[in-house]
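Text of upload10.csv, listed as CSV, N, CA and C atoms:
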```
chain,number,residue,atom,x,y,z
A,107,GLN,N,117.9,90.4,108.6
A,107,GLN,CA,116.7,90.0,109.2
A,107,GLN,C,115.7,91.1,109.2
A,108,VAL,N,114.4,90.6,109.1
A,108,VAL,CA,113.3,91.6,109.0
A,108,VAL,C,112.3,91.0,110.0
A,109,GLN,N,111.7,91.9,110.8
A,109,GLN,CA,110.6,91.6,111.7
A,109,GLN,C,109.4,92.4,111.3
A,110,LEU,N,108.3,91.7,111.2
A,110,LEU,CA,107.0,92.4,110.8
A,110,LEU,C,106.0,92.2,111.9
A,111,VAL,N,105.4,93.2,112.4
A,111,VAL,CA,104.5,93.1,113.5
A,111,VAL,C,103.2,93.8,113.1
A,112,GLU,N,102.1,93.0,113.1
A,112,GLU,CA,100.8,93.5,112.7
A,112,GLU,C,100.0,93.9,113.9
A,113,SER,N,99.1,94.7,113.7
A,113,SER,CA,98.1,95.1,114.7
A,113,SER,C,96.8,95.6,114.1
A,114,GLY,N,95.8,95.7,114.8
A,114,GLY,CA,94.6,96.4,114.3
A,114,GLY,C,93.4,95.4,114.0
A,115,GLY,N,93.6,94.1,114.1
A,115,GLY,CA,92.5,93.2,113.9
A,115,GLY,C,91.5,93.3,115.0
A,116,GLY,N,90.4,92.6,114.8
A,116,GLY,CA,89.3,92.5,115.8
A,116,GLY,C,88.0,92.0,115.2
A,117,LEU,N,87.0,92.2,116.0
A,117,LEU,CA,85.6,91.8,115.6
A,117,LEU,C,84.8,93.0,115.2
A,118,VAL,N,84.2,92.9,114.1
A,118,VAL,CA,83.4,94.0,113.5
A,118,VAL,C,82.2,93.5,112.8
A,119,GLN,N,81.1,94.2,112.8
A,119,GLN,CA,79.9,93.8,112.1
A,119,GLN,C,80.1,94.0,110.6
A,120,ALA,N,79.3,93.3,109.9
A,120,ALA,CA,79.3,93.5,108.4
A,120,ALA,C,79.0,94.9,108.1
A,121,GLY,N,79.7,95.5,107.1
A,121,GLY,CA,79.6,96.9,106.7
A,121,GLY,C,80.5,97.8,107.5
A,122,GLY,N,81.2,97.3,108.5
A,122,GLY,CA,82.1,98.1,109.3
A,122,GLY,C,83.4,98.2,108.7
A,123,SER,N,84.3,98.9,109.4
A,123,SER,CA,85.7,99.2,108.9
A,123,SER,C,86.7,98.8,110.0
A,124,LEU,N,87.9,98.4,109.5
A,124,LEU,CA,89.1,98.2,110.4
A,124,LEU,C,90.3,98.7,109.6
A,125,ARG,N,91.3,99.1,110.4
A,125,ARG,CA,92.6,99.5,109.7
A,125,ARG,C,93.7,98.6,110.4
A,126,LEU,N,94.4,97.9,109.5
A,126,LEU,CA,95.5,97.1,110.0
A,126,LEU,C,96.8,97.9,109.8
A,127,SER,N,97.7,97.6,110.7
A,127,SER,CA,99.1,98.2,110.6
A,127,SER,C,100.1,97.2,110.7
A,128,CYS,N,101.2,97.4,110.0
A,128,CYS,CA,102.3,96.5,110.0
A,128,CYS,C,103.6,97.3,110.1
A,129,VAL,N,104.3,97.1,111.2
A,129,VAL,CA,105.6,97.9,111.4
A,129,VAL,C,106.7,96.9,111.1
A,130,ALA,N,107.7,97.4,110.3
A,130,ALA,CA,108.8,96.5,109.8
A,130,ALA,C,110.1,97.0,110.5
A,131,SER,N,110.9,96.1,111.0
A,131,SER,CA,112.2,96.5,111.5
A,131,SER,C,113.2,96.5,110.5
A,132,GLY,N,114.4,97.1,110.8
A,132,GLY,CA,115.5,97.1,109.8
A,132,GLY,C,115.4,98.2,108.9
A,133,SER,N,116.5,98.3,108.1
A,133,SER,CA,116.6,99.4,107.2
A,133,SER,C,116.1,99.0,105.8
A,134,SER,N,116.1,99.8,104.9
A,134,SER,CA,115.7,99.6,103.5
A,134,SER,C,114.3,99.3,103.3
A,135,PHE,N,113.4,99.7,104.3
A,135,PHE,CA,112.0,99.5,104.2
A,135,PHE,C,111.4,100.1,102.9
A,136,SER,N,111.9,101.3,102.6
A,136,SER,CA,111.3,102.0,101.5
A,136,SER,C,111.5,101.4,100.2
A,137,ILE,N,112.5,100.5,100.1
A,137,ILE,CA,112.7,99.9,98.8
A,137,ILE,C,112.0,98.6,98.6
A,138,ASN,N,111.3,98.1,99.6
A,138,ASN,CA,110.7,96.8,99.5
A,138,ASN,C,109.2,97.0,99.1
A,139,THR,N,108.8,96.0,98.3
A,139,THR,CA,107.3,95.9,98.1
A,139,THR,C,106.8,95.2,99.3
A,140,MET,N,105.7,95.7,99.8
A,140,MET,CA,105.0,95.2,101.0
A,140,MET,C,103.6,94.6,100.6
A,141,GLY,N,103.2,93.6,101.3
A,141,GLY,CA,101.9,93.1,100.9
A,141,GLY,C,101.1,92.6,102.1
A,142,TRP,N,99.8,92.5,102.0
A,142,TRP,CA,98.9,91.9,102.9
A,142,TRP,C,98.3,90.6,102.3
A,143,PHE,N,98.4,89.6,103.1
A,143,PHE,CA,97.8,88.3,102.7
A,143,PHE,C,96.7,87.9,103.8
A,144,ARG,N,95.9,87.0,103.4
A,144,ARG,CA,94.9,86.5,104.4
A,144,ARG,C,94.7,85.0,104.2
A,145,GLN,N,94.4,84.4,105.4
A,145,GLN,CA,94.1,82.9,105.4
A,145,GLN,C,92.9,82.6,106.2
A,146,ALA,N,91.9,82.1,105.6
A,146,ALA,CA,90.7,81.7,106.3
A,146,ALA,C,90.9,80.2,106.7
A,147,PRO,N,90.2,79.7,107.7
A,147,PRO,CA,90.3,78.3,108.2
A,147,PRO,C,90.1,77.3,107.1
A,148,GLY,N,91.1,76.4,106.9
A,148,GLY,CA,91.0,75.4,105.9
A,148,GLY,C,91.2,75.9,104.5
A,149,LYS,N,91.7,77.1,104.3
A,149,LYS,CA,91.9,77.6,103.0
A,149,LYS,C,93.4,78.1,102.8
A,150,LEU,N,93.7,78.3,101.6
A,150,LEU,CA,95.1,78.8,101.3
A,150,LEU,C,95.3,80.2,101.7
A,151,ARG,N,96.6,80.6,101.9
A,151,ARG,CA,96.9,82.0,102.2
A,151,ARG,C,97.0,82.7,100.8
A,152,LEU,N,96.2,83.7,100.7
A,152,LEU,CA,96.1,84.4,99.4
A,152,LEU,C,96.4,85.9,99.6
A,153,ALA,N,97.0,86.5,98.5
A,153,ALA,CA,97.3,87.9,98.5
A,153,ALA,C,96.0,88.7,98.5
A,154,VAL,N,96.1,89.8,99.3
A,154,VAL,CA,94.9,90.7,99.3
A,154,VAL,C,95.3,92.0,98.6
A,155,ALA,N,96.5,92.6,98.9
A,155,ALA,CA,96.9,93.8,98.4
A,155,ALA,C,98.4,94.0,98.5
A,156,THR,N,99.1,94.6,97.5
A,156,THR,CA,100.5,94.9,97.6
A,156,THR,C,100.7,96.4,97.2
A,157,ILE,N,101.9,96.9,97.7
A,157,ILE,CA,102.3,98.2,97.4
A,157,ILE,C,103.8,98.2,97.1
A,158,THR,N,104.2,98.8,96.0
A,158,THR,CA,105.6,98.9,95.7
A,158,THR,C,106.3,100.1,96.4
A,159,SER,N,107.6,100.1,96.2
A,159,SER,CA,108.3,101.2,96.8
A,159,SER,C,107.9,102.6,96.2
A,160,ALA,N,107.4,102.5,95.0
A,160,ALA,CA,107.0,103.8,94.3
A,160,ALA,C,105.5,104.1,94.6
A,161,GLY,N,104.9,103.2,95.4
A,161,GLY,CA,103.5,103.5,95.7
A,161,GLY,C,102.5,102.9,94.8
A,162,SER,N,102.9,102.1,93.8
A,162,SER,CA,101.9,101.4,93.0
A,162,SER,C,101.2,100.3,93.8
A,163,THR,N,99.9,100.2,93.6
A,163,THR,CA,99.2,99.2,94.4
A,163,THR,C,98.5,98.2,93.4
A,164,ASN,N,98.2,97.0,94.0
A,164,ASN,CA,97.5,96.0,93.4
A,164,ASN,C,96.6,95.3,94.4
A,165,TYR,N,95.4,94.9,93.9
A,165,TYR,CA,94.4,94.3,94.8
A,165,TYR,C,93.8,93.1,94.3
A,166,ALA,N,93.4,92.2,95.2
A,166,ALA,CA,92.6,91.0,94.8
A,166,ALA,C,91.3,91.5,94.3
A,167,ASP,N,90.7,90.8,93.3
A,167,ASP,CA,89.4,91.3,92.8
A,167,ASP,C,88.3,91.4,94.0
A,168,SER,N,88.4,90.5,94.9
A,168,SER,CA,87.4,90.4,96.0
A,168,SER,C,87.4,91.6,96.9
A,169,VAL,N,88.5,92.4,96.9
A,169,VAL,CA,88.5,93.5,97.8
A,169,VAL,C,88.6,94.9,97.1
A,170,LYS,N,88.7,94.9,95.8
A,170,LYS,CA,88.8,96.1,95.0
A,170,LYS,C,87.6,97.0,95.3
A,171,GLY,N,88.0,98.3,95.6
A,171,GLY,CA,86.9,99.3,95.9
A,171,GLY,C,86.5,99.3,97.3
A,172,ARG,N,87.0,98.3,98.1
A,172,ARG,CA,86.7,98.3,99.6
A,172,ARG,C,87.9,98.5,100.4
A,173,PHE,N,89.0,97.9,100.0
A,173,PHE,CA,90.3,98.0,100.8
A,173,PHE,C,91.3,98.9,100.1
A,174,ALA,N,92.1,99.5,101.0
A,174,ALA,CA,93.2,100.4,100.4
A,174,ALA,C,94.5,100.2,101.2
A,175,ILE,N,95.5,99.9,100.5
A,175,ILE,CA,96.8,99.7,101.1
A,175,ILE,C,97.6,101.0,100.9
A,176,SER,N,98.4,101.4,102.0
A,176,SER,CA,99.2,102.5,101.9
A,176,SER,C,100.5,102.3,102.8
A,177,ARG,N,101.5,103.2,102.6
A,177,ARG,CA,102.7,103.0,103.4
A,177,ARG,C,103.2,104.3,103.9
A,178,ASP,N,103.9,104.3,105.0
A,178,ASP,CA,104.6,105.4,105.6
A,178,ASP,C,106.1,105.1,105.7
A,179,ASN,N,106.9,105.4,104.7
A,179,ASN,CA,108.3,105.0,104.7
A,179,ASN,C,109.1,105.6,105.9
A,180,ALA,N,108.7,106.8,106.3
A,180,ALA,CA,109.4,107.4,107.4
A,180,ALA,C,109.2,106.6,108.7
A,181,ASN,N,108.1,105.9,108.8
A,181,ASN,CA,107.9,105.1,110.1
A,181,ASN,C,107.9,103.6,109.8
A,182,ASN,N,108.4,103.2,108.6
A,182,ASN,CA,108.5,101.7,108.3
A,182,ASN,C,107.1,101.0,108.5
A,183,THR,N,106.1,101.6,108.1
A,183,THR,CA,104.7,101.1,108.4
A,183,THR,C,103.9,101.0,107.1
A,184,VAL,N,103.2,99.9,107.0
A,184,VAL,CA,102.3,99.7,105.9
A,184,VAL,C,100.9,99.5,106.5
A,185,TYR,N,99.9,100.0,105.9
A,185,TYR,CA,98.5,100.0,106.4
A,185,TYR,C,97.6,99.2,105.4
A,186,LEU,N,96.5,98.7,106.0
A,186,LEU,CA,95.4,98.2,105.1
A,186,LEU,C,94.1,98.7,105.7
A,187,GLN,N,93.5,99.7,105.0
A,187,GLN,CA,92.2,100.2,105.4
A,187,GLN,C,91.2,99.3,104.8
A,188,MET,N,90.3,98.7,105.6
A,188,MET,CA,89.3,97.8,105.1
A,188,MET,C,87.9,98.4,105.4
A,189,ASN,N,87.2,98.7,104.4
A,189,ASN,CA,85.8,99.2,104.5
A,189,ASN,C,84.8,98.3,104.0
A,190,SER,N,83.5,98.5,104.3
A,190,SER,CA,82.4,97.7,103.8
A,190,SER,C,82.8,96.2,104.0
A,191,LEU,N,83.2,95.8,105.2
A,191,LEU,CA,83.6,94.5,105.5
A,191,LEU,C,82.5,93.5,105.4
A,192,LYS,N,82.8,92.3,104.9
A,192,LYS,CA,81.8,91.2,104.7
A,192,LYS,C,82.2,90.0,105.5
A,193,PRO,N,81.3,89.2,105.9
A,193,PRO,CA,81.7,87.9,106.6
A,193,PRO,C,82.8,87.1,105.9
A,194,GLU,N,82.8,87.1,104.6
A,194,GLU,CA,83.8,86.4,103.9
A,194,GLU,C,85.2,87.0,104.0
A,195,ASP,N,85.3,88.2,104.6
A,195,ASP,CA,86.6,88.7,104.8
A,195,ASP,C,87.2,88.2,106.1
A,196,THR,N,86.5,87.4,106.8
A,196,THR,CA,87.0,86.8,108.1
A,196,THR,C,88.2,85.9,107.8
A,197,ALA,N,89.3,86.2,108.4
A,197,ALA,CA,90.6,85.5,108.2
A,197,ALA,C,91.6,86.0,109.1
A,198,VAL,N,92.8,85.3,109.2
A,198,VAL,CA,94.0,85.9,109.7
A,198,VAL,C,94.7,86.6,108.7
A,199,TYR,N,95.1,87.9,108.9
A,199,TYR,CA,95.7,88.7,108.0
A,199,TYR,C,97.2,88.8,108.3
A,200,TYR,N,98.0,88.6,107.3
A,200,TYR,CA,99.5,88.6,107.5
A,200,TYR,C,100.1,89.7,106.6
A,201,CYS,N,101.1,90.3,107.2
A,201,CYS,CA,102.0,91.3,106.5
A,201,CYS,C,103.1,90.5,105.9
A,202,HIS,N,103.6,90.9,104.7
A,202,HIS,CA,104.6,90.1,104.0
A,202,HIS,C,105.6,91.0,103.2
A,203,THR,N,106.9,90.6,103.2
A,203,THR,CA,107.8,91.2,102.3
A,203,THR,C,108.9,90.2,101.9
A,204,ILE,N,109.6,90.6,100.9
A,204,ILE,CA,110.7,89.7,100.4
A,204,ILE,C,112.0,90.6,100.5
A,205,ARG,N,113.0,90.1,101.1
A,205,ARG,CA,114.3,90.8,101.1
A,205,ARG,C,115.4,89.8,101.0
A,206,GLY,N,116.3,90.1,100.1
A,206,GLY,CA,117.5,89.2,99.9
A,206,GLY,C,117.1,87.8,99.5
A,207,GLY,N,115.9,87.7,98.8
A,207,GLY,CA,115.4,86.4,98.3
A,207,GLY,C,114.7,85.6,99.3
A,208,TYR,N,114.5,86.1,100.5
A,208,TYR,CA,113.8,85.4,101.6
A,208,TYR,C,112.4,86.1,101.8
A,209,ASP,N,111.4,85.2,102.1
A,209,ASP,CA,110.1,85.7,102.5
A,209,ASP,C,110.0,85.9,104.0
A,210,TYR,N,109.4,87.0,104.3
A,210,TYR,CA,109.2,87.4,105.7
A,210,TYR,C,107.7,87.6,106.0
A,211,TRP,N,107.3,87.1,107.1
A,211,TRP,CA,105.9,87.2,107.5
A,211,TRP,C,105.7,87.7,108.9
A,212,GLY,N,104.7,88.4,109.1
A,212,GLY,CA,104.3,88.8,110.5
A,212,GLY,C,103.6,87.6,111.2
A,213,GLN,N,103.2,87.8,112.4
A,213,GLN,CA,102.6,86.7,113.2
A,213,GLN,C,101.1,86.6,112.9
A,214,GLY,N,100.6,87.6,112.2
A,214,GLY,CA,99.2,87.5,111.8
A,214,GLY,C,98.3,88.2,112.8
A,215,THR,N,97.2,88.8,112.3
A,215,THR,CA,96.2,89.4,113.2
A,215,THR,C,94.8,89.0,112.7
A,216,GLN,N,94.0,88.6,113.7
A,216,GLN,CA,92.7,88.0,113.3
A,216,GLN,C,91.6,89.1,113.0
A,217,VAL,N,91.0,88.9,111.9
A,217,VAL,CA,89.8,89.8,111.6
A,217,VAL,C,88.6,88.9,111.5
A,218,THR,N,87.6,89.3,112.3
A,218,THR,CA,86.3,88.5,112.3
A,218,THR,C,85.2,89.5,112.0
A,219,VAL,N,84.4,89.1,110.9
A,219,VAL,CA,83.3,90.0,110.5
A,219,VAL,C,82.0,89.2,110.8
A,220,SER,N,81.2,89.7,111.6
A,220,SER,CA,79.9,89.1,111.9
A,220,SER,C,78.8,89.6,111.0
A,221,SER,N,77.9,88.7,110.8
A,221,SER,CA,76.8,89.0,109.9
A,221,SER,C,75.6,89.6,110.6
```
Kindly transcribe the structure held in the file into structure tokens.
Amino acid sequence: QVQLVESGGGLVQAGGSLRLSCVASGSSFSINTMGWFRQAPGKLRLAVATITSAGSTNYADSVKGRFAISRDNANNTVYLQMNSLKPEDTAVYYCHTIRGGYDYWGQGTQVTVSS
């Protein structure tokens, strides 16, 4: 079993920054690829950024150059630094991993960017 708990969402003006955190329970955190997804109202849940156990990262085109994913294996935590936020970044952000062939999701944290 894996539990993922996100924090750090909130309301911010366009151009501002937020940092999301996701703490994972259980062992073997360091070997898992971790990801952040987001879902806006009425839209599909889409990948925003992923980071492998070796630290390789991948980003959606819409956030490249503005968002940065990182991880702290010692504390079982993955972060998403979001800069230059835009109103279209407004969504619920979810932490995600796969372990033993199962998908695990956090409860989500709301990010709202006002114009």
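Proximity to A:Ile175 was assessed for A:Trp142, A:Val217, A:Gly206, A:Lys192 counting all atoms listed in the file; the smallest distance is recorded for A:Trp142.
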Per-residue nearest contacts stretch 162-208 of chain A to stretch 146-151 of chain A, cut-off 8 Å, using all atoms listed in the file, as JSON lines:
```
{"residue": "A:Glu194", "atom": "C", "partner": "A:Ala146", "partner_atom": "CA", "distance": 8.0}
{"residue": "A:Asp195", "atom": "C", "partner": "A:Ala146", "partner_atom": "CA", "distance": 7.4}
{"residue": "A:Thr196", "atom": "C", "partner": "A:Ala146", "partner_atom": "CA", "distance": 5.1}
{"residue": "A:Ala197", "atom": "CA", "partner": "A:Ala146", "partner_atom": "CA", "distance": 4.2}
{"residue": "A:Val198", "atom": "N", "partner": "A:Ala146", "partner_atom": "N", "distance": 4.9}
{"residue": "A:Tyr199", "atom": "N", "partner": "A:Ala146", "partner_atom": "N", "distance": 7.4}
```
Those selected residues, please, written with N, CA and C atoms and delivered as a PDB file, in the frame of the given file.
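Result saved to again.pdb:
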```
ATOM      1  N   GLU A 194      82.800  87.100 104.600  1.00  0.00           N
ATOM      2  CA  GLU A 194      83.800  86.400 103.900  1.00  0.00           C
ATOM      3  C   GLU A 194      85.200  87.000 104.000  1.00  0.00           C
ATOM      4  N   ASP A 195      85.300  88.200 104.600  1.00  0.00           N
ATOM      5  CA  ASP A 195      86.600  88.700 104.800  1.00  0.00           C
ATOM      6  C   ASP A 195      87.200  88.200 106.100  1.00  0.00           C
ATOM      7  N   THR A 196      86.500  87.400 106.800  1.00  0.00           N
ATOM      8  CA  THR A 196      87.000  86.800 108.100  1.00  0.00           C
ATOM      9  C   THR A 196      88.200  85.900 107.800  1.00  0.00           C
ATOM     10  N   ALA A 197      89.300  86.200 108.400  1.00  0.00           N
ATOM     11  CA  ALA A 197      90.600  85.500 108.200  1.00  0.00           C
ATOM     12  C   ALA A 197      91.600  86.000 109.100  1.00  0.00           C
ATOM     13  N   VAL A 198      92.800  85.300 109.200  1.00  0.00           N
ATOM     14  CA  VAL A 198      94.000  85.900 109.700  1.00  0.00           C
ATOM     15  C   VAL A 198      94.700  86.600 108.700  1.00  0.00           C
ATOM     16  N   TYR A 199      95.100  87.900 108.900  1.00  0.00           N
ATOM     17  CA  TYR A 199      95.700  88.700 108.000  1.00  0.00           C
ATOM     18  C   TYR A 199      97.200  88.800 108.300  1.00  0.00           C
TER      19      TYR A 199
END
```
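Straight-line separation from atom CA of A:Asn182 to atom CA of A:Ala130: 5.4 Å.
Once A:Gly212 and its same-chain neighbours fewer than 4 positions away are set aside, A:Gln109, A:Leu110, A:Val111, A:Glu112, A:Cys128, A:Ala130, A:Tyr199, A:Tyr200, A:Cys201, A:His202 remain within 9 Å of it when counting only C-alpha atoms.
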- [ ] Just the strand (DSSP E) stuff from chain A, please, per backbone DSSP, written as number ranges by chain.
- [x] A: 110-113, 116-119, 124-130, 140-145, 152-157, 163-165, 173-178, 183-188, 197-205, 208-211, 215-220
